[in-house]
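Dropping entry-v4.cif in here (mmCIF, C-alpha atoms and all ligand atoms):
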```
data_data
#
loop_
_atom_site.label_atom_id
_atom_site.label_comp_id
_atom_site.auth_asym_id
_atom_site.auth_seq_id
_atom_site.Cartn_x
_atom_site.Cartn_y
_atom_site.Cartn_z
CA MET A 1 -13.07 -51.97 -134.86
CA GLY A 2 -14.91 -48.71 -134.29
CA ALA A 3 -16.89 -46.81 -131.69
CA SER A 4 -19.70 -48.48 -129.80
CA GLY A 5 -22.93 -48.35 -131.81
CA SER A 6 -21.23 -47.64 -135.13
CA GLY A 7 -22.71 -50.85 -136.58
CA LYS A 8 -19.95 -53.50 -136.54
CA THR A 9 -22.00 -56.37 -135.14
CA SER A 10 -24.94 -55.46 -137.37
CA MET A 11 -22.91 -55.83 -140.54
CA ARG A 12 -21.34 -59.04 -139.29
CA SER A 13 -24.73 -60.56 -138.49
CA LEU A 14 -26.06 -59.52 -141.90
CA ILE A 15 -23.23 -60.83 -144.00
CA PHE A 16 -21.93 -63.77 -142.03
CA SER A 17 -25.01 -64.97 -140.13
CA ASN A 18 -27.65 -64.15 -142.75
CA ASN A 19 -29.80 -62.14 -140.34
CA PRO A 20 -32.07 -59.43 -141.74
CA ALA A 21 -31.18 -55.76 -141.23
CA SER A 22 -34.53 -55.17 -139.52
CA LEU A 23 -33.47 -57.29 -136.53
CA THR A 24 -30.14 -55.60 -135.87
CA HIS A 25 -31.62 -53.09 -133.42
CA ARG A 26 -32.01 -56.00 -131.01
CA LEU A 27 -28.28 -56.67 -130.88
CA GLY A 28 -26.61 -55.93 -127.57
CA ALA A 29 -23.23 -54.24 -127.18
CA THR A 30 -20.32 -56.56 -127.91
CA ILE A 31 -18.38 -57.49 -124.81
CA ASP A 32 -14.66 -57.60 -125.49
CA VAL A 33 -13.92 -59.50 -128.73
CA GLU A 34 -16.24 -61.91 -130.55
CA GLN A 35 -14.50 -64.22 -132.98
CA ASN A 36 -16.04 -65.84 -136.03
CA HIS A 37 -14.50 -68.41 -138.32
CA VAL A 38 -15.86 -68.46 -141.82
CA ARG A 39 -14.72 -71.18 -144.20
CA PHE A 40 -14.01 -69.69 -147.60
CA LEU A 41 -12.94 -71.80 -150.55
CA GLY A 42 -11.73 -75.10 -149.14
CA ASP A 43 -8.94 -74.56 -146.67
CA LEU A 44 -9.13 -70.78 -146.58
CA ILE A 45 -10.67 -69.70 -143.29
CA LEU A 46 -11.56 -66.10 -142.58
CA ASN A 47 -10.93 -65.34 -138.93
CA LEU A 48 -13.11 -62.37 -138.09
CA TRP A 49 -12.71 -60.41 -134.85
CA ASP A 50 -15.53 -58.10 -133.82
CA CYS A 51 -14.01 -55.82 -131.20
CA GLY A 52 -16.57 -54.21 -128.87
CA GLY A 53 -16.21 -50.44 -129.16
CA GLN A 54 -16.87 -49.21 -125.62
CA ASP A 55 -14.05 -47.08 -124.22
CA ALA A 56 -13.08 -49.61 -121.54
CA PHE A 57 -12.54 -52.28 -124.21
CA MET A 58 -10.70 -49.93 -126.56
CA ASP A 59 -8.36 -48.92 -123.72
CA SER A 60 -7.65 -52.56 -123.02
CA TYR A 61 -6.99 -53.42 -126.73
CA LEU A 62 -4.51 -50.58 -126.88
CA SER A 63 -2.69 -51.46 -123.67
CA THR A 64 -2.59 -54.98 -122.18
CA GLN A 65 -4.11 -56.75 -125.21
CA GLN A 66 -2.21 -54.86 -127.89
CA SER A 67 0.00 -57.71 -129.07
CA THR A 68 -2.96 -60.12 -129.13
CA ILE A 69 -5.34 -57.85 -130.99
CA PHE A 70 -2.95 -56.44 -133.58
CA GLN A 71 -0.74 -59.44 -134.29
CA HIS A 72 -1.18 -61.28 -137.62
CA VAL A 73 -3.85 -58.90 -138.90
CA GLY A 74 -4.65 -59.28 -142.60
CA VAL A 75 -7.09 -56.39 -142.80
CA LEU A 76 -8.20 -53.73 -140.32
CA ILE A 77 -11.78 -52.61 -140.92
CA TYR A 78 -12.61 -49.51 -138.93
CA VAL A 79 -16.24 -48.40 -138.84
CA PHE A 80 -17.25 -44.75 -138.44
CA GLU A 81 -20.78 -43.37 -138.43
CA VAL A 82 -20.92 -41.12 -141.45
CA GLU A 83 -23.21 -38.47 -140.01
CA SER A 84 -21.55 -37.92 -136.68
CA ARG A 85 -18.43 -35.82 -137.03
CA SER A 86 -16.00 -38.17 -135.42
CA SER A 87 -15.28 -36.98 -131.92
CA SER A 88 -11.66 -36.23 -131.22
CA ARG A 89 -11.61 -39.25 -128.87
CA ASP A 90 -12.81 -41.48 -131.75
CA LEU A 91 -10.05 -40.25 -134.01
CA GLU A 92 -7.50 -40.62 -131.22
CA TYR A 93 -8.50 -44.27 -130.78
CA TYR A 94 -8.27 -44.75 -134.52
CA ALA A 95 -4.81 -43.18 -134.68
CA GLU A 96 -3.64 -45.37 -131.79
CA CYS A 97 -5.01 -48.47 -133.53
CA LEU A 98 -3.12 -47.53 -136.70
CA GLN A 99 0.05 -47.13 -134.69
CA ALA A 100 -0.37 -50.56 -133.07
CA LEU A 101 -1.19 -52.06 -136.45
CA ARG A 102 1.97 -50.64 -138.00
CA LYS A 103 3.97 -52.13 -135.16
CA TYR A 104 2.49 -55.64 -135.14
CA SER A 105 1.10 -56.11 -138.67
CA PRO A 106 2.84 -53.63 -140.97
CA ASN A 107 1.48 -55.33 -144.09
CA ALA A 108 -2.17 -55.17 -143.09
CA ALA A 109 -4.54 -53.30 -145.39
CA VAL A 110 -6.80 -50.65 -143.87
CA PHE A 111 -10.43 -50.27 -144.90
CA LEU A 112 -12.56 -47.51 -143.42
CA LEU A 113 -16.32 -47.76 -143.59
CA ALA A 114 -18.32 -44.54 -143.43
CA HIS A 115 -21.37 -46.40 -142.21
CA LYS A 116 -25.13 -45.68 -141.90
CA MET A 117 -25.17 -43.85 -145.24
CA ASP A 118 -28.95 -44.39 -145.36
CA LEU A 119 -29.28 -41.70 -142.67
CA VAL A 120 -27.71 -39.08 -144.95
CA ARG A 121 -30.11 -36.90 -146.89
CA PRO A 122 -29.30 -36.99 -150.64
CA PRO A 123 -27.13 -35.96 -152.37
CA ARG A 124 -24.87 -38.26 -150.38
CA GLY A 125 -21.73 -37.91 -152.48
CA PRO A 126 -20.49 -34.63 -150.91
CA VAL A 127 -21.11 -35.91 -147.35
CA LEU A 128 -19.06 -39.00 -148.07
CA GLU A 129 -16.34 -36.92 -149.68
CA ARG A 130 -16.14 -34.76 -146.57
CA LYS A 131 -15.98 -37.77 -144.27
CA ALA A 132 -13.33 -39.43 -146.45
CA ALA A 133 -11.22 -36.25 -146.36
CA GLU A 134 -11.49 -36.14 -142.56
CA LEU A 135 -10.45 -39.79 -142.33
CA ARG A 136 -7.65 -39.41 -144.83
CA GLN A 137 -6.24 -36.58 -142.76
CA ALA A 138 -6.48 -38.69 -139.60
CA SER A 139 -4.66 -41.55 -141.34
CA GLY A 140 -1.47 -39.63 -142.09
CA ASP A 141 0.59 -41.52 -144.64
CA THR A 142 -1.18 -44.85 -144.13
CA GLU A 143 -2.82 -46.05 -147.30
CA ILE A 144 -6.57 -46.42 -146.77
CA THR A 145 -9.64 -47.37 -148.75
CA VAL A 146 -12.94 -45.74 -147.79
CA PHE A 147 -16.40 -47.14 -148.54
CA GLY A 148 -19.76 -45.59 -147.84
CA THR A 149 -21.96 -48.38 -146.46
CA SER A 150 -25.38 -49.14 -145.06
CA ILE A 151 -26.99 -52.36 -143.89
CA TYR A 152 -30.11 -51.39 -145.84
CA ASP A 153 -28.69 -51.77 -149.34
CA GLU A 154 -26.05 -53.48 -151.45
CA SER A 155 -23.24 -51.06 -150.53
CA LEU A 156 -22.20 -53.33 -147.68
CA TYR A 157 -21.65 -56.23 -150.09
CA LYS A 158 -19.50 -54.10 -152.32
CA ALA A 159 -17.23 -53.14 -149.43
CA TRP A 160 -17.00 -56.62 -147.96
CA SER A 161 -16.46 -58.31 -151.32
CA ARG A 162 -13.54 -55.99 -151.93
CA ILE A 163 -12.16 -56.61 -148.45
CA VAL A 164 -12.40 -60.37 -148.76
CA HIS A 165 -10.93 -60.24 -152.25
CA THR A 166 -7.71 -58.72 -150.89
CA LEU A 167 -7.35 -61.67 -148.53
CA ILE A 168 -7.65 -64.40 -151.14
CA PRO A 169 -4.13 -65.47 -152.00
CA ASN A 170 -4.95 -67.02 -155.38
CA ALA A 171 -7.46 -64.44 -156.61
CA THR A 172 -5.60 -63.82 -159.87
CA VAL A 173 -5.47 -67.54 -160.63
CA LEU A 174 -9.20 -67.76 -160.00
CA THR A 175 -9.79 -64.84 -162.37
CA LYS A 176 -7.73 -66.58 -165.02
CA HIS A 177 -9.72 -69.83 -164.67
CA LEU A 178 -12.98 -67.92 -164.74
CA ALA A 179 -11.90 -66.09 -167.90
CA LYS A 180 -11.16 -69.45 -169.49
CA LEU A 181 -14.56 -70.79 -168.50
CA ALA A 182 -16.18 -67.61 -169.82
CA ASP A 183 -14.44 -68.24 -173.12
CA ALA A 184 -15.68 -71.82 -173.25
CA CYS A 185 -19.26 -70.69 -172.54
CA ASN A 186 -19.11 -67.72 -174.87
CA ALA A 187 -20.17 -65.80 -171.78
CA THR A 188 -20.01 -62.05 -171.27
CA GLU A 189 -19.03 -62.47 -167.68
CA ILE A 190 -18.64 -65.04 -164.91
CA VAL A 191 -18.84 -64.19 -161.21
CA LEU A 192 -17.78 -66.43 -158.36
CA PHE A 193 -19.62 -66.08 -155.03
CA GLU A 194 -18.87 -67.56 -151.63
CA ARG A 195 -21.70 -69.90 -150.74
CA THR A 196 -23.03 -68.60 -147.39
CA THR A 197 -22.15 -64.93 -147.48
CA PHE A 198 -22.65 -64.56 -151.23
CA LEU A 199 -19.73 -62.16 -151.29
CA VAL A 200 -18.00 -61.87 -154.65
CA ILE A 201 -14.70 -63.75 -154.57
CA ALA A 202 -13.58 -63.23 -158.15
CA THR A 203 -14.90 -62.36 -161.60
CA SER A 204 -13.78 -63.30 -165.09
CA SER A 205 -13.22 -59.65 -165.90
CA GLN A 206 -10.85 -57.56 -163.86
CA HIS A 207 -12.85 -54.42 -163.30
CA PRO A 208 -10.48 -51.47 -162.82
CA SER A 209 -12.05 -50.38 -159.54
CA GLN A 210 -11.89 -53.96 -158.29
CA THR A 211 -8.16 -54.25 -158.57
CA PRO A 212 -6.90 -54.95 -155.07
CA PRO A 213 -3.81 -53.21 -153.73
CA ALA A 214 -0.60 -54.85 -154.95
CA PRO A 215 0.21 -57.81 -152.70
CA ALA A 216 3.30 -57.66 -150.50
CA PRO A 217 5.64 -60.69 -150.52
CA SER A 218 3.63 -62.20 -147.65
CA ALA A 219 0.58 -62.17 -149.99
CA LEU A 220 -1.02 -59.50 -147.84
CA PRO A 221 -1.62 -56.02 -149.25
CA SER A 222 1.21 -53.70 -148.43
CA PRO A 223 0.68 -50.18 -147.19
CA SER A 224 3.87 -49.19 -148.94
CA ALA A 225 2.50 -50.28 -152.33
CA SER A 226 2.09 -47.09 -154.21
CA THR A 227 -1.61 -47.37 -155.05
CA PRO A 228 -3.19 -44.06 -154.03
CA SER A 229 -5.82 -44.11 -151.33
CA THR A 230 -9.12 -44.88 -152.97
CA LEU A 231 -12.61 -43.73 -152.24
CA SER A 232 -15.25 -46.16 -153.25
CA SER A 233 -18.52 -44.61 -152.46
CA PHE A 234 -22.15 -45.24 -151.78
CA GLY A 235 -24.50 -45.82 -154.68
CA SER A 236 -23.29 -44.64 -158.01
CA HIS A 237 -21.28 -41.62 -156.79
CA THR A 238 -17.73 -42.74 -156.91
CA SER A 239 -14.35 -41.22 -157.16
CA HIS A 240 -13.68 -43.85 -159.81
CA ALA A 241 -16.08 -41.94 -162.01
CA SER A 242 -13.21 -41.09 -164.29
CA VAL A 243 -12.56 -44.80 -164.80
CA LEU A 244 -16.11 -46.06 -165.19
CA PRO A 245 -17.16 -44.27 -168.38
CA GLU A 246 -14.08 -45.69 -170.06
CA GLU A 247 -15.19 -49.18 -169.14
CA GLU A 248 -18.73 -48.48 -170.28
CA ASP A 249 -17.49 -47.23 -173.66
CA SER A 250 -15.71 -50.49 -174.29
CA ASP A 251 -18.63 -52.50 -172.91
CA PRO A 252 -21.25 -53.13 -175.59
CA HIS A 253 -23.70 -54.57 -173.03
CA LYS A 254 -23.55 -51.53 -170.74
CA LEU A 255 -23.26 -53.72 -167.66
CA ASP A 256 -24.35 -52.00 -164.47
CA PRO A 257 -21.32 -51.16 -162.33
CA THR A 258 -23.24 -52.18 -159.19
CA ARG A 259 -24.21 -55.59 -160.61
CA TYR A 260 -21.97 -57.65 -158.30
CA GLU A 261 -23.14 -56.28 -154.99
CA ARG A 262 -26.76 -56.10 -156.16
CA THR A 263 -26.67 -59.77 -157.12
CA SER A 264 -25.20 -60.66 -153.70
CA GLU A 265 -27.95 -58.76 -151.94
CA LEU A 266 -30.80 -60.05 -154.13
CA ILE A 267 -29.76 -63.69 -153.98
CA LYS A 268 -29.29 -63.56 -150.24
CA ALA A 269 -32.76 -62.07 -149.82
CA PHE A 270 -34.15 -64.76 -152.15
CA LYS A 271 -32.37 -67.50 -150.16
CA GLN A 272 -33.94 -66.12 -146.98
CA SER A 273 -37.38 -66.24 -148.63
CA CYS A 274 -36.72 -69.87 -149.62
CA THR A 275 -35.82 -70.69 -146.00
CA ARG A 276 -39.02 -69.07 -144.77
CA VAL A 277 -41.10 -71.45 -146.91
CA ARG A 278 -38.82 -74.37 -145.91
CA GLU A 279 -37.25 -74.75 -149.31
CA GLU A 280 -33.58 -74.82 -150.14
CA PHE A 281 -32.04 -72.63 -152.79
CA HIS A 282 -30.14 -74.67 -155.39
CA ALA A 283 -29.81 -72.86 -158.68
CA LEU A 284 -31.32 -70.20 -160.92
CA GLU A 285 -31.80 -70.09 -164.69
CA MET A 286 -32.87 -67.16 -166.84
CA GLU A 287 -33.49 -67.09 -170.57
CA LEU A 288 -34.52 -63.61 -171.64
CA ALA A 289 -34.59 -61.84 -174.98
CA ASP A 290 -31.14 -60.30 -174.71
CA PHE A 291 -29.28 -62.56 -172.29
CA THR A 292 -29.08 -65.99 -170.72
CA ALA A 293 -27.88 -66.55 -167.17
CA VAL A 294 -27.26 -69.49 -164.89
CA LEU A 295 -26.43 -69.35 -161.21
CA ASP A 296 -25.33 -72.74 -159.96
CA GLU A 297 -23.17 -74.45 -157.39
CA LEU A 298 -19.57 -74.69 -158.51
CA THR A 299 -17.80 -76.21 -155.49
CA LYS A 300 -18.77 -77.04 -151.93
CA ASN A 301 -18.18 -73.42 -150.91
CA THR A 302 -18.96 -71.45 -154.03
CA TYR A 303 -21.65 -70.51 -156.50
CA VAL A 304 -20.99 -69.32 -160.00
CA LEU A 305 -23.03 -66.93 -162.14
CA VAL A 306 -22.59 -67.21 -165.90
CA VAL A 307 -24.09 -64.49 -168.08
CA ALA A 308 -24.15 -64.77 -171.87
CA HIS A 309 -25.49 -62.28 -174.38
CA ASP A 310 -25.25 -64.74 -177.25
CA PRO A 311 -28.79 -65.83 -178.30
CA THR A 312 -27.50 -69.18 -179.51
CA VAL A 313 -26.23 -70.12 -176.03
CA GLU A 314 -28.71 -72.19 -174.04
CA THR A 315 -28.84 -72.60 -170.28
CA ALA A 316 -28.35 -76.37 -170.62
CA ALA A 317 -24.99 -75.76 -172.30
CA LEU A 318 -23.94 -73.33 -169.55
CA LYS A 319 -24.93 -75.84 -166.88
CA MET A 320 -22.98 -78.58 -168.59
CA ASN A 321 -19.87 -76.40 -168.76
CA ILE A 322 -20.22 -75.51 -165.09
CA ARG A 323 -20.44 -79.22 -164.27
CA LEU A 324 -17.36 -79.97 -166.33
CA ALA A 325 -15.42 -77.11 -164.72
CA ARG A 326 -16.18 -78.21 -161.15
CA LYS A 327 -13.18 -80.49 -160.82
CA LYS A 328 -10.80 -77.72 -161.85
CA PHE A 329 -12.05 -75.40 -159.10
CA GLU A 330 -12.26 -77.92 -156.25
P1 LIG B 401 -20.57 -52.33 -129.98
O1 LIG B 401 -20.89 -53.78 -129.97
O2 LIG B 401 -20.98 -51.63 -128.71
O3 LIG B 401 -19.14 -52.03 -130.31
O4 LIG B 401 -21.46 -51.63 -131.13
P2 LIG B 401 -21.55 -52.03 -132.69
O5 LIG B 401 -20.61 -51.20 -133.47
O6 LIG B 401 -21.39 -53.51 -132.84
O7 LIG B 401 -23.03 -51.56 -133.08
P3 LIG B 401 -24.28 -52.46 -133.47
O8 LIG B 401 -23.99 -53.33 -134.63
O9 LIG B 401 -24.79 -53.14 -132.25
O10 LIG B 401 -25.33 -51.36 -134.01
C1 LIG B 401 -25.85 -50.33 -133.24
C2 LIG B 401 -27.14 -49.84 -133.87
O11 LIG B 401 -26.90 -49.28 -135.14
C3 LIG B 401 -28.21 -50.93 -134.06
O12 LIG B 401 -29.43 -50.45 -133.54
C4 LIG B 401 -28.33 -51.10 -135.56
O13 LIG B 401 -29.64 -51.43 -135.99
C5 LIG B 401 -27.89 -49.72 -136.06
N1 LIG B 401 -27.28 -49.80 -137.43
C6 LIG B 401 -26.28 -50.61 -137.84
N2 LIG B 401 -25.99 -50.40 -139.14
C7 LIG B 401 -26.84 -49.42 -139.57
C8 LIG B 401 -27.04 -48.75 -140.82
O14 LIG B 401 -26.39 -49.01 -141.85
N3 LIG B 401 -27.99 -47.77 -140.86
C9 LIG B 401 -28.75 -47.46 -139.77
N4 LIG B 401 -29.67 -46.50 -139.90
N5 LIG B 401 -28.59 -48.06 -138.57
C10 LIG B 401 -27.65 -49.03 -138.46
#
```
Show how you would write the structure in this file as structure tokens.
Amino acid sequence: MGASGSGKTSMRSLIFSNNPASLTHRLGATIDVEQNHVRFLGDLILNLWDCGGQDAFMDSYLSTQQSTIFQHVGVLIYVFEVESRSSSRDLEYYAECLQALRKYSPNAAVFLLAHKMDLVRPPRGPVLERKAAELRQASGDTEITVFGTSIYDESLYKAWSRIVHTLIPNATVLTKHLAKLADACNATEIVLFERTTFLVIATSSQHPSQTPPAPAPSALPSPSASTPSTLSSFGSHTSHASVLPEEEDSDPHKLDPTRYERTSELIKAFKQSCTRVREEFHALEMELADFTAVLDELTKNTYVLVVAHDPTVETAALKMNIRLARKKFE
């Protein structure tokens, strides 16, 4: 949800329909609600509702359609333009949506996207901080997570990977299996991507800032879980800054904290290039001086990226292990 023109359909078309950012200006206003069904991991289907943001539609969602729109919500994603100080009407709509959400889906998680960060003149950190403070105030005691996003860089993948991660009921089991596979491969890290969106579903290492809110008994994140509201920001400015150096200290390979979302963005762009020359993307292998990496299909709906910093590990061995692990993940 979010005001008309804030960028909801653009991000949906980028992530879920693989359209380039440059074509989003052609998108028309969404009329009422557009629904998308995205198959994630076998039987898990993401049911995505893009709610047109014009006032007439918002009024209708909050009156006659309230029980339809806000029932059985797993996650509310509310999009705000970062540069425009939200008008009081915008914030009123947001507050009313929160109220309806609490009534019909009290366990739903709330993610707020401070969008169009590319329009902010650097340094962007303080602008995002200000916006997050404004939104936190408007949210009262509802637990929220704020991301700074833009369709022109990887920040959108970071936000959406995190959002999708909270909806995957067996994410911790996946992490455990990936950790086991990483062990078998002598890999530094393994990352699991959804096939079409290339969003990160799980990784072998539980990054502190990736920890989703504690699940409620219904397996949905609970607003009453006592995780503080988090601000996960654009680029490398992040309120998790106090956590990241700790991780880097214990990380001999100095892995880039933006590696997940950057891989999503790069591979998707590469897949689009393949399509343009009528080729299909299958797999990727890299053997460089200090690391070896394989990106390959794991199941029908997933790709896996295995990265090893052990010079004795060859890509053929990684590929064989991926093949052997397939059955376990299907
Ligand atoms: P409704 O369907 O009316 O609710 O609007 P919407 O929120 O779906 O907006 P839409 O996705 O149609 O985007 C409106 C405009 O914002 C388009 O021209 C996009 O190109 C532009 N836009 C979307 N995301 C970004 C972004 O991250 N940065 C910039 N600069 N422009 C963006």
Using only C-alpha atoms and all ligand atoms, determine which residues fall within 8 Å of ligand LIG 401 (chain B), then list them as a PyMOL selection string.
chain A and resi 1-12+21-31+50-54+79+115-119+149-152
Residues within 10 Å of Ala316 in chain A, please, as a list in words. Count all atoms listed in the file; anything in the same chain fewer than 6 positions from it doesn't count.
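With the cut-off at 10 Å, the set is Glu285, Val294 and Ile322 of chain A.
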Rows by chain and residue number, range 114-155 of chain A within 10 Å of range 260-281 of chain A, shortest pair, only C-alpha atoms, as a tab-separated table:
```
residue	atom	partner	partner_atom	distance
A:Tyr152	CA	A:Glu265	CA	9.8
A:Asp153	CA	A:Glu265	CA	7.5
A:Glu154	CA	A:Glu261	CA	5.4
A:Ser155	CA	A:Glu261	CA	6.9
```
When distances are computed from all atoms listed in the file, which of A:Thr64, A:Arg326, A:Phe16, A:Glu134 shows the smallest separation from His37 in chain A?
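Under the stated criterion, the closest residue is A:Phe16.
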Given the choices A:Thr302, A:Ser88, A:Thr68, A:Gln137, which gets closest to Tyr104 in chain A if the distance is worked out from all atoms listed in the file?
A:Thr68
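Minimum distance to Thr299 in chain A across A:Cys185, A:Val82, A:Leu41, A:Leu324 (counting only C-alpha atoms) occurs at A:Leu41.
Closest approach to Leu44 in chain A from the set A:Leu113, A:Val191, A:Leu255, A:Pro169 is made by A:Pro169, with distances taken over only C-alpha atoms.
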Could I get range 115-139 of chain A from the block written as a PDB file, in the first residue's frame, with N, CA and C atoms?
```pdb
ATOM      1  N   HIS A 115      10.987   5.108  -0.146  1.00  0.00           N
ATOM      2  CA  HIS A 115      11.350   4.774  -1.522  1.00  0.00           C
ATOM      3  C   HIS A 115      11.847   5.991  -2.315  1.00  0.00           C
ATOM      4  N   LYS A 116      12.457   5.710  -3.454  1.00  0.00           N
ATOM      5  CA  LYS A 116      13.061   6.700  -4.368  1.00  0.00           C
ATOM      6  C   LYS A 116      14.264   7.372  -3.701  1.00  0.00           C
ATOM      7  N   MET A 117      15.057   6.562  -3.006  1.00  0.00           N
ATOM      8  CA  MET A 117      16.263   7.077  -2.339  1.00  0.00           C
ATOM      9  C   MET A 117      17.250   7.674  -3.341  1.00  0.00           C
ATOM     10  N   ASP A 118      17.180   7.226  -4.605  1.00  0.00           N
ATOM     11  CA  ASP A 118      18.115   7.754  -5.611  1.00  0.00           C
ATOM     12  C   ASP A 118      17.917   9.248  -5.834  1.00  0.00           C
ATOM     13  N   LEU A 119      16.735   9.772  -5.462  1.00  0.00           N
ATOM     14  CA  LEU A 119      16.478  11.202  -5.662  1.00  0.00           C
ATOM     15  C   LEU A 119      17.076  12.066  -4.553  1.00  0.00           C
ATOM     16  N   VAL A 120      17.568  11.416  -3.508  1.00  0.00           N
ATOM     17  CA  VAL A 120      18.130  12.156  -2.371  1.00  0.00           C
ATOM     18  C   VAL A 120      19.589  12.483  -2.657  1.00  0.00           C
ATOM     19  N   ARG A 121      19.955  13.729  -2.411  1.00  0.00           N
ATOM     20  CA  ARG A 121      21.366  14.103  -2.619  1.00  0.00           C
ATOM     21  C   ARG A 121      22.193  13.561  -1.444  1.00  0.00           C
ATOM     22  N   PRO A 122      23.345  12.894  -1.726  1.00  0.00           N
ATOM     23  CA  PRO A 122      24.148  12.379  -0.613  1.00  0.00           C
ATOM     24  C   PRO A 122      24.638  13.502   0.296  1.00  0.00           C
ATOM     25  N   PRO A 123      24.872  13.250   1.575  1.00  0.00           N
ATOM     26  CA  PRO A 123      24.749  11.957   2.248  1.00  0.00           C
ATOM     27  C   PRO A 123      23.283  11.616   2.530  1.00  0.00           C
ATOM     28  N   ARG A 124      22.940  10.364   2.245  1.00  0.00           N
ATOM     29  CA  ARG A 124      21.525   9.973   2.319  1.00  0.00           C
ATOM     30  C   ARG A 124      21.104   9.492   3.702  1.00  0.00           C
ATOM     31  N   GLY A 125      22.124   9.063   4.475  1.00  0.00           N
ATOM     32  CA  GLY A 125      21.834   8.510   5.806  1.00  0.00           C
ATOM     33  C   GLY A 125      20.935   9.409   6.648  1.00  0.00           C
ATOM     34  N   PRO A 126      21.293  10.702   6.837  1.00  0.00           N
ATOM     35  CA  PRO A 126      20.491  11.567   7.703  1.00  0.00           C
ATOM     36  C   PRO A 126      19.051  11.749   7.201  1.00  0.00           C
ATOM     37  N   VAL A 127      18.883  11.799   5.867  1.00  0.00           N
ATOM     38  CA  VAL A 127      17.530  11.963   5.311  1.00  0.00           C
ATOM     39  C   VAL A 127      16.686  10.746   5.664  1.00  0.00           C
ATOM     40  N   LEU A 128      17.299   9.573   5.519  1.00  0.00           N
ATOM     41  CA  LEU A 128      16.574   8.346   5.851  1.00  0.00           C
ATOM     42  C   LEU A 128      16.248   8.281   7.342  1.00  0.00           C
ATOM     43  N   GLU A 129      17.214   8.694   8.138  1.00  0.00           N
ATOM     44  CA  GLU A 129      16.996   8.709   9.601  1.00  0.00           C
ATOM     45  C   GLU A 129      15.787   9.574   9.947  1.00  0.00           C
ATOM     46  N   ARG A 130      15.742  10.751   9.307  1.00  0.00           N
ATOM     47  CA  ARG A 130      14.639  11.683   9.579  1.00  0.00           C
ATOM     48  C   ARG A 130      13.303  11.072   9.177  1.00  0.00           C
ATOM     49  N   LYS A 131      13.298  10.460   7.989  1.00  0.00           N
ATOM     50  CA  LYS A 131      12.054   9.852   7.507  1.00  0.00           C
ATOM     51  C   LYS A 131      11.632   8.718   8.446  1.00  0.00           C
ATOM     52  N   ALA A 132      12.615   7.913   8.844  1.00  0.00           N
ATOM     53  CA  ALA A 132      12.309   6.763   9.718  1.00  0.00           C
ATOM     54  C   ALA A 132      11.728   7.254  11.040  1.00  0.00           C
ATOM     55  N   ALA A 133      12.277   8.375  11.550  1.00  0.00           N
ATOM     56  CA  ALA A 133      11.779   8.911  12.826  1.00  0.00           C
ATOM     57  C   ALA A 133      10.334   9.366  12.663  1.00  0.00           C
ATOM     58  N   GLU A 134      10.067  10.028  11.535  1.00  0.00           N
ATOM     59  CA  GLU A 134       8.698  10.493  11.257  1.00  0.00           C
ATOM     60  C   GLU A 134       7.737   9.291  11.200  1.00  0.00           C
ATOM     61  N   LEU A 135       8.189   8.228  10.530  1.00  0.00           N
ATOM     62  CA  LEU A 135       7.316   7.059  10.372  1.00  0.00           C
ATOM     63  C   LEU A 135       7.154   6.296  11.683  1.00  0.00           C
ATOM     64  N   ARG A 136       8.218   6.280  12.464  1.00  0.00           N
ATOM     65  CA  ARG A 136       8.149   5.588  13.750  1.00  0.00           C
ATOM     66  C   ARG A 136       7.120   6.285  14.647  1.00  0.00           C
ATOM     67  N   GLN A 137       7.157   7.614  14.589  1.00  0.00           N
ATOM     68  CA  GLN A 137       6.214   8.379  15.396  1.00  0.00           C
ATOM     69  C   GLN A 137       4.776   8.112  14.944  1.00  0.00           C
ATOM     70  N   ALA A 138       4.603   8.012  13.621  1.00  0.00           N
ATOM     71  CA  ALA A 138       3.253   7.778  13.085  1.00  0.00           C
ATOM     72  C   ALA A 138       2.765   6.360  13.381  1.00  0.00           C
ATOM     73  N   SER A 139       3.694   5.471  13.720  1.00  0.00           N
ATOM     74  CA  SER A 139       3.315   4.061  13.917  1.00  0.00           C
ATOM     75  C   SER A 139       2.931   3.739  15.354  1.00  0.00           C
TER      76      SER A 139
END
```
